[in-house]
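Trainee: The following file, start_35.txt, comprises compact mmCIF, C-alpha atoms:
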# COMPACT_ATOMS: atom_id res chain seq x y z
CA MET A 461 55.87 22.74 -39.60
CA ALA A 462 54.00 25.67 -38.11
CA ALA A 463 52.07 26.05 -41.35
CA LEU A 464 51.12 22.46 -41.22
CA ALA A 465 49.87 22.85 -37.69
CA ARG A 466 47.87 25.90 -38.64
CA SER A 467 46.12 24.12 -41.47
CA PHE A 468 45.63 21.11 -39.32
CA ARG A 469 43.98 22.86 -36.42
CA PRO A 470 40.77 23.90 -38.21
CA ALA A 471 40.47 20.36 -39.44
CA MET A 472 40.79 19.13 -35.91
CA ARG A 473 38.13 21.54 -34.78
CA LEU A 474 35.91 20.39 -37.58
CA LEU A 475 36.39 16.83 -36.54
CA SER A 476 35.59 17.50 -32.96
CA SER A 477 32.49 19.52 -33.75
CA SER A 478 31.12 17.01 -36.21
CA ARG A 479 31.46 14.20 -33.74
CA PRO A 480 28.24 13.56 -31.84
CA VAL A 481 28.38 15.01 -28.38
CA VAL A 482 29.06 12.15 -26.04
CA THR A 483 28.01 13.18 -22.61
CA THR A 484 28.89 10.61 -20.04
CA LYS A 485 25.36 9.45 -19.53
CA ARG A 486 25.79 6.79 -16.93
CA GLY A 487 22.22 7.21 -15.81
CA TYR A 488 23.36 8.13 -12.35
CA ALA A 489 25.18 11.38 -12.87
CA ASP A 490 23.30 13.08 -10.10
CA GLU A 491 19.99 11.34 -10.10
CA MET A 492 18.77 8.48 -8.09
CA SER A 493 15.96 6.11 -8.75
CA PHE A 494 14.31 5.89 -5.39
CA THR A 495 11.72 3.27 -4.52
CA PHE A 496 10.12 3.31 -1.12
CA ALA A 497 7.40 0.77 -0.47
CA ALA A 498 5.78 -0.87 2.48
CA ALA A 499 3.50 -3.88 2.51
CA ASN A 500 0.53 -1.58 3.04
CA GLN A 501 1.45 1.40 0.90
CA VAL A 502 3.79 2.64 -1.82
CA TYR A 503 5.45 6.00 -1.27
CA TYR A 504 7.90 6.42 -4.15
CA VAL A 505 8.49 4.42 -7.33
CA GLY A 506 11.60 5.28 -9.31
CA ALA A 507 11.40 8.86 -8.06
CA ASN A 508 14.28 11.30 -8.23
CA VAL A 509 14.99 12.68 -4.78
CA LYS A 510 17.82 14.67 -3.26
CA GLN A 511 18.59 12.74 -0.15
CA VAL A 512 17.23 9.95 2.00
CA ASP A 513 18.10 9.42 5.65
CA VAL A 514 17.52 5.90 6.93
CA PRO A 515 17.96 4.33 10.34
CA SER A 516 19.83 1.02 10.07
CA PHE A 517 21.35 -1.44 12.49
CA SER A 518 24.81 -0.34 11.47
CA GLY A 519 23.85 3.26 12.32
CA SER A 520 21.71 5.88 10.65
CA PHE A 521 23.01 7.16 7.37
CA GLY A 522 22.07 9.52 4.58
CA ILE A 523 21.90 8.41 0.97
CA LEU A 524 22.79 10.88 -1.74
CA PRO A 525 22.79 10.11 -5.46
CA ASN A 526 25.71 7.93 -6.52
CA HIS A 527 26.12 6.39 -3.10
CA VAL A 528 28.40 3.37 -2.86
CA PRO A 529 26.36 0.18 -3.36
CA THR A 530 25.44 -1.49 -0.11
CA LEU A 531 22.83 -3.43 1.76
CA ALA A 532 21.43 -2.58 5.15
CA VAL A 533 18.70 -3.71 7.48
CA LEU A 534 16.26 -1.09 8.70
CA LYS A 535 15.81 -0.38 12.35
CA PRO A 536 12.55 1.01 13.72
CA GLY A 537 12.73 4.75 13.23
CA VAL A 538 12.02 7.61 10.89
CA VAL A 539 13.04 7.64 7.23
CA THR A 540 13.44 11.20 6.02
CA VAL A 541 13.14 11.89 2.31
CA TYR A 542 14.29 15.23 0.87
CA GLU A 543 12.49 15.57 -2.41
CA ALA A 544 13.87 17.24 -5.52
CA ASP A 545 11.83 20.40 -4.90
CA GLY A 546 13.25 20.76 -1.41
CA SER A 547 10.28 19.54 0.59
CA LYS A 548 10.80 17.02 3.33
CA LYS A 549 8.79 13.89 4.06
CA GLU A 550 9.08 11.87 7.23
CA VAL A 551 7.89 8.30 7.36
CA PHE A 552 8.04 5.96 10.31
CA VAL A 553 9.15 2.40 9.50
CA SER A 554 9.04 -0.66 11.73
CA SER A 555 11.62 -2.83 9.98
CA GLY A 556 12.79 -3.70 6.51
CA THR A 557 15.71 -3.45 4.14
CA VAL A 558 17.68 -0.83 2.25
CA THR A 559 19.34 -1.72 -1.03
CA ILE A 560 21.64 0.63 -2.88
CA ASN A 561 22.67 -0.74 -6.25
CA ASP A 562 25.50 0.22 -8.58
CA ASP A 563 23.09 1.95 -10.98
CA SER A 564 22.22 4.40 -8.20
CA SER A 565 18.84 2.85 -7.66
CA VAL A 566 17.78 2.79 -4.04
CA GLN A 567 15.13 0.48 -2.66
CA VAL A 568 13.75 0.96 0.79
CA LEU A 569 11.33 -1.82 1.65
CA ALA A 570 9.56 -1.62 4.95
CA GLU A 571 7.34 -4.11 6.67
CA GLU A 572 5.04 -1.39 7.88
CA ALA A 573 5.31 2.31 7.28
CA CYS A 574 3.28 5.35 8.21
CA LEU A 575 3.66 9.08 7.74
CA VAL A 576 4.91 10.67 10.96
CA ASP A 577 2.17 13.31 10.74
CA GLU A 578 -0.43 10.58 10.87
CA LEU A 579 0.89 9.00 14.06
CA ASP A 580 -1.33 9.36 17.07
CA ARG A 581 0.69 10.07 20.14
CA SER A 582 -1.56 8.44 22.71
CA ALA A 583 -1.91 5.33 20.53
CA CYS A 584 1.89 5.14 20.30
CA GLN A 585 2.09 5.39 24.07
CA ASP A 586 -0.39 2.52 24.30
CA VAL A 587 1.76 0.38 22.01
CA LEU A 588 4.78 1.03 24.19
CA SER A 589 3.07 0.27 27.50
CA LYS A 590 1.52 -2.87 26.03
CA ALA A 591 4.91 -4.02 24.79
CA GLN A 592 6.47 -3.31 28.18
CA SER A 593 3.88 -5.37 30.01
CA GLN A 594 4.41 -8.10 27.44
CA LEU A 595 8.12 -8.02 28.17
CA ALA A 596 7.48 -8.23 31.90
CA SER A 597 5.29 -11.30 31.50
CA ALA A 598 7.50 -13.03 28.92
CA SER A 599 8.75 -16.41 30.10
CA SER A 600 10.59 -18.10 27.23
CA ALA A 601 13.60 -16.67 25.43
CA VAL A 602 11.72 -16.34 22.15
CA GLU A 603 8.85 -14.50 23.80
CA LYS A 604 11.29 -12.22 25.52
CA ALA A 605 13.12 -11.40 22.30
CA GLU A 606 9.83 -10.68 20.55
CA ALA A 607 8.72 -8.41 23.38
CA GLU A 608 12.04 -6.59 23.33
CA ILE A 609 11.59 -5.86 19.64
CA ALA A 610 8.06 -4.62 20.33
CA VAL A 611 9.38 -2.34 23.07
CA GLU A 612 12.02 -0.94 20.73
CA VAL A 613 9.38 -0.23 18.08
CA GLY A 614 7.17 1.36 20.76
CA GLN A 615 9.95 3.60 22.03
CA GLU A 616 10.79 4.78 18.54
CA LEU A 617 7.11 5.35 17.80
CA VAL A 618 6.72 7.54 20.86
CA ARG A 619 9.88 9.46 19.99
CA ALA A 620 8.70 9.96 16.39
CA ALA A 621 5.23 11.07 17.42
CA ALA A 622 6.49 13.53 20.01
CA MET B 26 -13.36 -65.06 -16.71
CA ASN B 27 -13.11 -62.43 -14.11
CA ASN B 28 -13.16 -59.76 -16.74
CA PHE B 29 -16.36 -61.02 -18.25
CA GLY B 30 -18.08 -60.89 -14.91
CA ARG B 31 -17.21 -57.27 -14.59
CA ILE B 32 -18.48 -56.39 -18.04
CA LEU B 33 -21.73 -58.22 -17.40
CA ALA B 34 -22.22 -56.41 -14.18
CA VAL B 35 -21.79 -53.08 -15.90
CA ALA B 36 -24.09 -53.83 -18.81
CA PRO B 37 -27.61 -53.58 -17.26
CA PRO B 38 -27.42 -49.97 -15.96
CA CYS B 39 -25.99 -49.03 -19.33
CA ALA B 40 -29.08 -50.27 -21.12
CA ALA B 41 -31.37 -48.44 -18.73
CA GLN B 42 -29.56 -45.19 -19.33
CA GLN B 43 -29.77 -45.62 -23.06
CA GLN B 44 -33.45 -46.19 -22.88
CA GLN B 45 -33.95 -43.06 -20.91
CA ALA B 46 -31.90 -41.02 -23.34
CA ARG B 47 -33.95 -42.31 -26.21
CA GLY B 48 -37.01 -40.35 -25.15
CA MET B 49 -38.29 -42.10 -22.11
CA ALA B 50 -37.42 -39.03 -20.10
CA THR B 51 -40.58 -38.25 -18.30
CA LEU B 52 -41.89 -34.80 -17.65
CA LYS B 53 -41.01 -35.17 -13.99
CA ALA B 54 -37.39 -36.11 -14.71
CA ILE B 55 -36.91 -33.16 -17.02
CA SER B 56 -38.41 -30.69 -14.60
CA ILE B 57 -36.17 -31.96 -11.79
CA ARG B 58 -33.15 -31.59 -14.03
CA LEU B 59 -34.23 -28.14 -15.12
CA LYS B 60 -34.60 -27.05 -11.55
CA SER B 61 -31.18 -28.31 -10.56
CA VAL B 62 -29.50 -26.57 -13.49
CA LYS B 63 -31.27 -23.36 -12.56
CA ASN B 64 -29.97 -23.69 -9.01
CA ILE B 65 -26.46 -24.28 -10.27
CA GLN B 66 -26.70 -21.18 -12.41
CA LYS B 67 -27.76 -19.15 -9.42
CA ILE B 68 -24.76 -20.41 -7.49
CA THR B 69 -22.27 -19.74 -10.26
CA GLN B 70 -23.72 -16.30 -10.84
CA SER B 71 -23.35 -15.30 -7.23
CA MET B 72 -19.87 -16.81 -7.09
CA LYS B 73 -19.00 -14.64 -10.04
CA MET B 74 -20.28 -11.56 -8.26
CA VAL B 75 -18.32 -12.40 -5.13
CA SER B 76 -15.09 -13.03 -7.00
CA ALA B 77 -15.59 -9.84 -9.03
CA ALA B 78 -15.68 -7.87 -5.81
CA LYS B 79 -12.70 -9.75 -4.42
CA TYR B 80 -10.83 -9.29 -7.66
CA ALA B 81 -11.29 -5.52 -7.58
CA ARG B 82 -9.70 -5.45 -4.16
CA ALA B 83 -6.93 -7.87 -5.11
CA GLU B 84 -5.99 -5.76 -8.09
CA ARG B 85 -5.83 -2.63 -5.99
CA ASP B 86 -3.61 -4.43 -3.51
CA LEU B 87 -1.44 -5.79 -6.28
CA LYS B 88 -0.73 -2.31 -7.57
CA GLN B 89 0.72 -1.53 -4.16
CA ALA B 90 2.66 -4.76 -3.98
CA ARG B 91 4.29 -4.60 -7.41
CA PRO B 92 6.99 -2.00 -6.61
CA TYR B 93 7.61 -3.95 -3.44
CA GLY B 94 8.30 -7.16 -5.31
CA GLU B 95 10.42 -5.44 -7.92
CA GLY B 96 12.40 -3.76 -5.17
CA ALA B 97 12.99 -7.08 -3.48
CA THR B 98 14.34 -8.73 -6.61
CA ALA B 99 16.38 -5.74 -7.85
CA PHE B 100 19.42 -6.59 -5.75
CA TYR B 101 19.64 -10.17 -7.04
CA ASP B 102 19.49 -8.91 -10.61
CA ARG B 103 22.06 -6.17 -10.13
CA ALA B 104 24.50 -8.26 -8.15
CA GLU B 105 24.20 -11.05 -10.76
CA VAL B 106 23.77 -13.74 -8.16
CA LYS B 107 24.11 -17.22 -9.58
CA SER B 108 24.06 -20.61 -8.03
CA THR B 109 27.58 -21.95 -7.70
CA GLU B 110 26.86 -25.60 -7.02
CA GLU B 111 27.12 -28.23 -9.70
CA LYS B 112 24.17 -30.20 -8.44
CA PRO B 113 22.38 -27.99 -5.98
CA SER B 114 19.70 -29.09 -3.59
CA LYS B 115 16.64 -27.31 -4.87
CA LEU B 116 13.56 -25.94 -3.24
CA LEU B 117 10.39 -25.22 -5.17
CA ILE B 118 7.67 -23.12 -3.61
CA ALA B 119 4.22 -23.44 -5.13
CA VAL B 120 2.04 -20.42 -4.48
CA THR B 121 -1.60 -21.48 -4.80
CA SER B 122 -4.62 -21.41 -2.52
CA ASP B 123 -7.10 -23.74 -0.86
CA ARG B 124 -9.96 -23.05 -3.20
CA GLY B 125 -10.79 -24.43 -6.58
CA LEU B 126 -13.29 -23.56 -9.30
CA CYS B 127 -10.96 -21.04 -10.84
CA GLY B 128 -9.80 -22.48 -14.13
CA ALA B 129 -6.25 -23.69 -14.56
CA VAL B 130 -4.66 -21.38 -12.00
CA HIS B 131 -3.52 -24.07 -9.60
CA SER B 132 -2.90 -26.81 -12.11
CA GLY B 133 -0.62 -24.49 -14.10
CA VAL B 134 1.63 -23.98 -11.09
CA ALA B 135 1.51 -27.68 -10.24
CA ARG B 136 2.33 -28.64 -13.80
CA GLN B 137 5.42 -26.43 -13.79
CA ILE B 138 6.61 -28.15 -10.64
CA ARG B 139 5.79 -31.58 -12.02
CA ASN B 140 7.88 -30.82 -15.08
CA GLU B 141 10.81 -29.81 -12.92
CA LEU B 142 10.44 -32.87 -10.76
CA ALA B 143 10.18 -35.12 -13.79
CA ILE B 144 13.68 -34.02 -14.82
CA ASP B 145 15.22 -34.66 -11.45
CA ASP B 146 13.39 -35.36 -8.23
CA SER B 147 16.25 -36.77 -6.19
CA ASN B 148 17.47 -33.56 -4.65
CA THR B 149 14.42 -31.33 -4.92
CA LYS B 150 12.02 -30.43 -2.17
CA VAL B 151 8.63 -28.82 -2.58
CA VAL B 152 6.84 -26.37 -0.33
CA CYS B 153 3.13 -26.00 -1.04
CA ILE B 154 1.30 -22.85 -0.10
CA GLY B 155 -2.36 -23.72 -0.41
CA ASP B 156 -4.05 -27.12 -0.31
CA LYS B 157 -4.71 -27.28 -4.04
CA SER B 158 -1.11 -27.70 -5.12
CA ARG B 159 -0.63 -30.27 -2.39
CA SER B 160 -3.55 -32.39 -3.51
CA ILE B 161 -2.28 -32.33 -7.10
CA LEU B 162 1.34 -33.11 -6.25
CA GLN B 163 0.71 -35.52 -3.40
CA ARG B 164 -0.15 -38.47 -5.59
CA LEU B 165 3.13 -38.68 -7.47
CA TYR B 166 5.63 -36.75 -5.41
CA SER B 167 4.51 -37.07 -1.82
CA LYS B 168 8.06 -37.81 -0.68
CA ASN B 169 9.26 -34.46 -2.06
CA LEU B 170 6.74 -32.40 -0.13
CA ILE B 171 8.25 -31.05 3.04
CA LEU B 172 5.99 -28.20 4.03
CA VAL B 173 2.37 -27.35 3.37
CA ALA B 174 0.66 -24.13 4.37
CA ASN B 175 -3.10 -24.11 4.22
CA GLU B 176 -5.94 -21.74 5.10
CA VAL B 177 -4.78 -19.64 2.16
CA GLY B 178 -7.20 -17.84 -0.08
CA ARG B 179 -10.12 -17.18 2.20
CA LYS B 180 -8.83 -13.72 2.95
CA PRO B 181 -6.42 -11.59 0.93
CA PRO B 182 -2.82 -12.52 1.80
CA SER B 183 -1.08 -10.29 4.31
CA PHE B 184 2.56 -9.66 5.02
CA LEU B 185 2.20 -11.60 8.25
CA ASP B 186 1.16 -14.73 6.32
CA ALA B 187 4.16 -14.38 4.07
CA ALA B 188 6.45 -13.78 7.05
CA LYS B 189 5.19 -16.93 8.77
CA VAL B 190 5.87 -19.05 5.70
CA ALA B 191 9.24 -17.36 5.17
CA ASP B 192 10.16 -18.14 8.75
CA GLU B 193 9.56 -21.83 8.18
CA ILE B 194 11.35 -21.81 4.84
CA ALA B 195 14.37 -20.08 6.33
CA LYS B 196 14.82 -23.10 8.59
CA LEU B 197 15.09 -25.42 5.59
CA ASP B 198 18.37 -26.24 4.00
CA PHE B 199 18.65 -25.53 0.28
CA GLN B 200 21.14 -24.07 -2.14
CA GLU B 201 18.87 -22.80 -4.83
CA GLY B 202 15.18 -22.36 -5.23
CA LYS B 203 12.25 -20.94 -7.08
CA ILE B 204 8.96 -19.42 -6.10
CA ILE B 205 6.45 -20.51 -8.70
CA TYR B 206 3.35 -18.37 -8.93
CA ASN B 207 0.84 -16.96 -11.38
CA LYS B 208 1.74 -13.53 -12.63
CA PHE B 209 -1.34 -11.44 -13.23
CA LYS B 210 -1.44 -9.76 -16.63
CA SER B 211 -5.06 -8.83 -17.25
CA VAL B 212 -8.51 -10.04 -16.32
CA VAL B 213 -8.35 -12.73 -18.95
CA SER B 214 -4.70 -13.69 -18.76
CA TYR B 215 -2.06 -14.73 -16.30
CA GLN B 216 1.23 -16.49 -16.69
CA VAL B 217 3.07 -19.02 -14.61
CA SER B 218 6.29 -17.29 -13.57
CA ASP B 219 9.05 -17.80 -11.08
CA LEU B 220 11.21 -15.78 -8.73
CA PRO B 221 14.68 -17.13 -7.96
CA LEU B 222 15.94 -17.91 -4.47
CA TYR B 223 19.57 -18.25 -3.49
CA SER B 224 21.54 -19.48 -0.56
CA LEU B 225 23.69 -17.24 1.58
CA ASP B 226 26.70 -18.94 0.05
CA ALA B 227 25.67 -18.10 -3.51
CA VAL B 228 25.01 -14.46 -2.63
CA SER B 229 28.34 -13.97 -0.91
CA LYS B 230 30.12 -15.48 -3.93
CA ALA B 231 28.24 -13.41 -6.53
CA PRO B 232 30.55 -11.77 -9.08
CA LYS B 233 29.45 -8.22 -8.30
CA ILE B 234 29.06 -8.55 -4.56
CA SER B 235 32.47 -6.93 -4.06
CA THR B 236 31.10 -3.62 -5.34
CA TYR B 237 28.78 -3.54 -2.36
CA ASP B 238 30.27 -1.78 0.59
CA SER B 239 30.57 -2.86 4.20
CA LEU B 240 28.74 -6.14 4.11
CA ASP B 241 29.00 -8.79 6.71
CA ASP B 242 27.31 -12.16 6.83
CA ASP B 243 24.91 -10.99 9.49
CA VAL B 244 23.58 -8.16 7.36
CA ILE B 245 23.26 -10.37 4.29
CA LYS B 246 21.48 -13.02 6.30
CA SER B 247 18.90 -10.64 7.75
CA TYR B 248 18.56 -8.96 4.40
CA MET B 249 17.85 -12.26 2.69
CA GLU B 250 15.37 -13.36 5.32
CA PHE B 251 13.41 -10.18 4.86
CA SER B 252 13.61 -10.27 1.09
CA LEU B 253 12.34 -13.86 1.09
CA ALA B 254 9.29 -12.68 3.01
CA SER B 255 8.72 -9.76 0.69
CA MET B 256 9.11 -11.91 -2.42
CA LEU B 257 6.63 -14.41 -1.01
CA TYR B 258 4.25 -11.59 -0.19
CA PHE B 259 4.51 -10.29 -3.72
CA ALA B 260 4.01 -13.76 -5.23
CA MET B 261 1.00 -14.38 -3.02
CA LYS B 262 -0.56 -11.09 -4.06
CA GLU B 263 -0.01 -11.88 -7.74
CA GLY B 264 -1.42 -15.35 -7.21
CA ALA B 265 -4.48 -14.10 -5.36
CA CYS B 266 -5.25 -11.57 -8.07
CA SER B 267 -4.85 -14.14 -10.86
CA GLU B 268 -7.01 -16.58 -8.96
CA GLN B 269 -9.88 -14.16 -8.44
CA SER B 270 -9.82 -12.93 -12.01
CA SER B 271 -9.69 -16.47 -13.30
CA ARG B 272 -12.53 -17.56 -11.02
CA MET B 273 -14.57 -14.65 -12.30
CA THR B 274 -14.08 -15.80 -15.91
CA ALA B 275 -14.68 -19.44 -15.04
CA MET B 276 -17.91 -18.65 -13.22
CA ASP B 277 -19.05 -16.39 -16.02
CA ASN B 278 -18.54 -19.24 -18.48
CA ALA B 279 -20.31 -21.67 -16.17
CA SER B 280 -23.32 -19.35 -15.91
CA LYS B 281 -23.40 -19.00 -19.68
CA ASN B 282 -23.26 -22.74 -20.17
CA ALA B 283 -25.97 -23.26 -17.60
CA GLY B 284 -28.09 -20.70 -19.46
CA GLU B 285 -27.71 -22.67 -22.68
CA MET B 286 -28.59 -25.86 -20.92
CA ILE B 287 -31.67 -24.29 -19.37
CA GLU B 288 -32.81 -23.15 -22.81
CA LYS B 289 -32.46 -26.64 -24.25
CA LEU B 290 -34.11 -28.29 -21.31
CA THR B 291 -37.03 -25.86 -21.37
CA LEU B 292 -37.55 -26.65 -25.04
CA THR B 293 -37.50 -30.40 -24.38
CA PHE B 294 -39.77 -29.91 -21.41
CA ASN B 295 -42.36 -28.01 -23.45
CA ARG B 296 -42.19 -30.49 -26.31
CA THR B 297 -42.63 -33.42 -24.00
CA ARG B 298 -45.52 -31.76 -22.25
CA GLN B 299 -47.19 -31.14 -25.60
CA ALA B 300 -46.57 -34.75 -26.61
CA VAL B 301 -48.15 -35.98 -23.42
CA ILE B 302 -51.22 -33.81 -23.98
CA THR B 303 -51.55 -34.96 -27.57
CA ARG B 304 -51.21 -38.59 -26.57
CA GLU B 305 -53.86 -38.26 -23.92
CA LEU B 306 -56.20 -36.56 -26.40
CA ILE B 307 -55.67 -39.33 -28.92
CA GLU B 308 -56.38 -41.89 -26.26
CA ILE B 309 -59.60 -40.16 -25.26
CA ILE B 310 -60.78 -39.62 -28.81
CA SER B 311 -59.97 -43.13 -29.97
CA GLY B 312 -61.59 -44.49 -26.83
CA ALA B 313 -64.72 -42.47 -27.52
CA SER B 314 -64.90 -43.50 -31.17
CA ALA B 315 -64.53 -47.16 -30.25
CA LEU B 316 -67.75 -47.06 -28.24
Would you kindly transcribe this structure into structure tokens?
Mentor:
Amino acid sequence: MAALARSFRPAMRLLSSSRPVVTTKRGYADEMSFTFAAANQVYYVGANVKQVDVPSFSGSFGILPNHVPTLAVLKPGVVTVYEADGSKKEVFVSSGTVTINDDSSVQVLAEEACLVDELDRSACQDVLSKAQSQLASASSAVEKAEAEIAVEVGQELVRAAA
Amino acid sequence: MNNFGRILAVAPPCAAQQQQARGMATLKAISIRLKSVKNIQKITQSMKMVSAAKYARAERDLKQARPYGEGATAFYDRAEVKSTEEKPSKLLIAVTSDRGLCGAVHSGVARQIRNELAIDDSNTKVVCIGDKSRSILQRLYSKNLILVANEVGRKPPSFLDAAKVADEIAKLDFQEGKIIYNKFKSVVSYQVSDLPLYSLDAVSKAPKISTYDSLDDDVIKSYMEFSLASMLYFAMKEGACSEQSSRMTAMDNASKNAGEMIEKLTLTFNRTRQAVITRELIEIISGASAL
């Protein structure tokens, strides 16, 4: 019996080595296909990045490769992208959506986006004060809601630019 | 009897036209015609230049908008959303513009919608973006039109335009829909394509929706509202680019045709002028020899 096993083992090894190496290539082992676009500009298309932090209405969260699929709605705030080489990119977004699919592709679509470095602080302050005066003069419910959104965007803009 | 009267009434101008075509065209008539064709050529040439410039911009914009559109549709593909209804109420959105003279861009979109309506128009509504699709569809299917957006095409489409239309569409009640637009391929080719739309119900019943974590109806609703706007934006960008490129080709062809026509007319003009001179000479000479 032992002899049989001994002669069998090399054969086994042979079998296993001749078989093509099947790595579990699910396409999302530790990579993510990250797309980040706004109506005015495209930042990433199918890029591989380490981590993305997004502000959403259900709370800010970080996305790593192989995140559980979900949908979220963006809140005004700063999206932080940690690129594969370790550098960090901060982009301000006004609103939009985040989609994380089961193939580890992530889509962040923003209505408007702008690099935080390019924000002008005094202009942001202007936006906020304008929105606040708009809120003060709003009469109807719709106008008020719109002004409140504008104020929220303004506040986040000022915070991001600071 | 009535019929005869009509035929008789038509006959005299017909004869006059024939006579003119047979060579009675005077020098004056030809030169007027020549001038008008030359003016038309000038117009088509400058229209071509204008649309070439607009096209260059539209294509640049489209490059930016493409990932955006793909991103917006990715979820619907991955989640395998399908319409669940047996006989859904449908919504068709025609993405065209207000302006013509650009080949078959608008009629292609309208034809696609007409084909769909020809199959079943009882439960289908149509939203027209741009006056051109409305004017084509109005004649046969005016009762299906529920919303028309115009003032499209003068300027490049912006996200705000798309958001306004999406806002109105979100108020409508439908279970399944399509955005029909021209997909830009190259300067000389475009293709009528569609993007699918779904209802909230269909999305929340999609087979793979359960793999998505922590979803509530509120999130899906806002998500879908935004993605409708971004899909419309993408479709409008594609449409605008196809339209400008097609107008460029159409105007180029028109200028070429006008050039040919000018050549022919100039030849006829010169021949006729020569004939007139010869005739006058003959008249003078024969008059002189008769004395």
Trainee: Select all residues from chain A having any atom no more than 8 Å from an atom of chain B (counting all atoms listed in the file, ignoring ligands), output as a tab-separated table (two decimals) with C-alpha atoms, in the frame of the given file.
Mentor:
chain	number	residue	atom	x	y	z
A	495	THR	CA	11.72	3.27	-4.52
A	497	ALA	CA	7.40	0.77	-0.47
A	498	ALA	CA	5.78	-0.87	2.48
A	499	ALA	CA	3.50	-3.88	2.51
A	500	ASN	CA	0.53	-1.58	3.04
A	501	GLN	CA	1.45	1.40	0.90
A	502	VAL	CA	3.79	2.64	-1.82
A	505	VAL	CA	8.49	4.42	-7.33
A	528	VAL	CA	28.40	3.37	-2.86
A	529	PRO	CA	26.36	0.18	-3.36
A	530	THR	CA	25.44	-1.49	-0.11
A	531	LEU	CA	22.83	-3.43	1.76
A	532	ALA	CA	21.43	-2.58	5.15
A	533	VAL	CA	18.70	-3.71	7.48
A	556	GLY	CA	12.79	-3.70	6.51
A	557	THR	CA	15.71	-3.45	4.14
A	559	THR	CA	19.34	-1.72	-1.03
A	561	ASN	CA	22.67	-0.74	-6.25
A	562	ASP	CA	25.50	0.22	-8.58
A	567	GLN	CA	15.13	0.48	-2.66
A	568	VAL	CA	13.75	0.96	0.79
A	569	LEU	CA	11.33	-1.82	1.65
A	571	GLU	CA	7.34	-4.11	6.67
Trainee: I want to know what sits within 10 Å of A:Glu608, based on only C-alpha atoms, with residues of the same chain fewer than 2 positions away left out; could you give that as a PDB file with C-alpha atoms, in the coordinates of the input?
Mentor:
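For reference, out-v8.pdb as written:
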ATOM      1  CA  ALA A 591       4.910  -4.020  24.790  1.00  0.00           C
ATOM      2  CA  GLN A 592       6.470  -3.310  28.180  1.00  0.00           C
ATOM      3  CA  GLN A 594       4.410  -8.100  27.440  1.00  0.00           C
ATOM      4  CA  LEU A 595       8.120  -8.020  28.170  1.00  0.00           C
ATOM      5  CA  ALA A 596       7.480  -8.230  31.900  1.00  0.00           C
ATOM      6  CA  ALA A 598       7.500 -13.030  28.920  1.00  0.00           C
ATOM      7  CA  VAL A 602      11.720 -16.340  22.150  1.00  0.00           C
ATOM      8  CA  GLU A 603       8.850 -14.500  23.800  1.00  0.00           C
ATOM      9  CA  LYS A 604      11.290 -12.220  25.520  1.00  0.00           C
ATOM     10  CA  ALA A 605      13.120 -11.400  22.300  1.00  0.00           C
ATOM     11  CA  GLU A 606       9.830 -10.680  20.550  1.00  0.00           C
ATOM     12  CA  ALA A 610       8.060  -4.620  20.330  1.00  0.00           C
ATOM     13  CA  VAL A 611       9.380  -2.340  23.070  1.00  0.00           C
ATOM     14  CA  GLU A 612      12.020  -0.940  20.730  1.00  0.00           C
ATOM     15  CA  VAL A 613       9.380  -0.230  18.080  1.00  0.00           C
ATOM     16  CA  GLY A 614       7.170   1.360  20.760  1.00  0.00           C
TER      17      GLY A 614
END
Trainee: Need the shell around B:Thr109: protein/DNA/RNA residues with any atom at most 10 Å away, counting all atoms listed in the file. Skip same-chain ones fewer than 2 positions apart. Format as a list of chain:residue names?
Mentor: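 Listed by chain and then number, they are B:Val106, B:Lys107, B:Glu111, B:Lys112, B:Pro113, B:Gln200, B:Glu201, B:Tyr223, B:Ser224, B:Asp226, B:Ala227, B:Val228, B:Lys230, B:Ala231.
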Trainee: Would you list the contacts of B:Ser271 as a PyMOL selection string, taking every protein, DNA or RNA residue within 8 Å and counting only C-alpha atoms, but skipping same-chain residues closer than 6 positions in sequence?
Mentor: chain B and resi 127-128+130+212-214
Trainee: Distance cut-off 9 Å, centre (20.9, -0.7, 12.3) in file coordinates, counting only C-alpha atoms: which residues qualify? Return them as JSON, numbers by chain.
Mentor: {"A": [515, 516, 517, 518, 519, 520, 532, 533, 534, 535, 536]}
Trainee: Suppose you want the space between atom CA of A:Leu575 and atom CA of A:Lys548; what is it in Å?
Mentor: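 Separation of atom CA of A:Leu575 and atom CA of A:Lys548: 11.6 Å.
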Trainee: What does the structure give for the distance between atom CA of B:Pro182 and atom CA of A:Ala607, in Å to one decimal?
Mentor: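 Distance between the two atoms: 24.8 Å.
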Trainee: Quick one: of A:Arg619, A:Val514, A:Glu578, A:Leu524, who's nearest to A:Thr540, counting only C-alpha atoms?
Mentor: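 That would be A:Val514, the residue with the smallest distance to A:Thr540.
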Trainee: Using all atoms listed in the file, can you list as JSON, numbers by chain the residues within 8 Å of (7.4, 1.5, 14.0)?
Mentor: {"A": [536, 537, 552, 553, 554, 555, 572, 573, 613, 614, 616, 617]}
Trainee: Restricting the calculation to all atoms listed in the file: of B:Ser114, B:Ser218, B:Asn278, B:Ser267, which residue gets closest to B:Arg82?
Mentor: B:Ser267
Trainee: Go through B:Met273, B:Ile310, B:Ala187, B:Ala283 and flag the residue nearest B:Ser71, using only C-alpha atoms for the distances.
Mentor: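 Among the listed residues, the smallest separation from B:Ser71 belongs to B:Met273.
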Trainee: Under the rule that all atoms listed in the file are counted, which of A:Val618, A:Val558, A:Val566, A:Cys574 is the nearest residue to A:Asp586?
Mentor: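 Of the candidates, the smallest distance to A:Asp586 is held by A:Val618.
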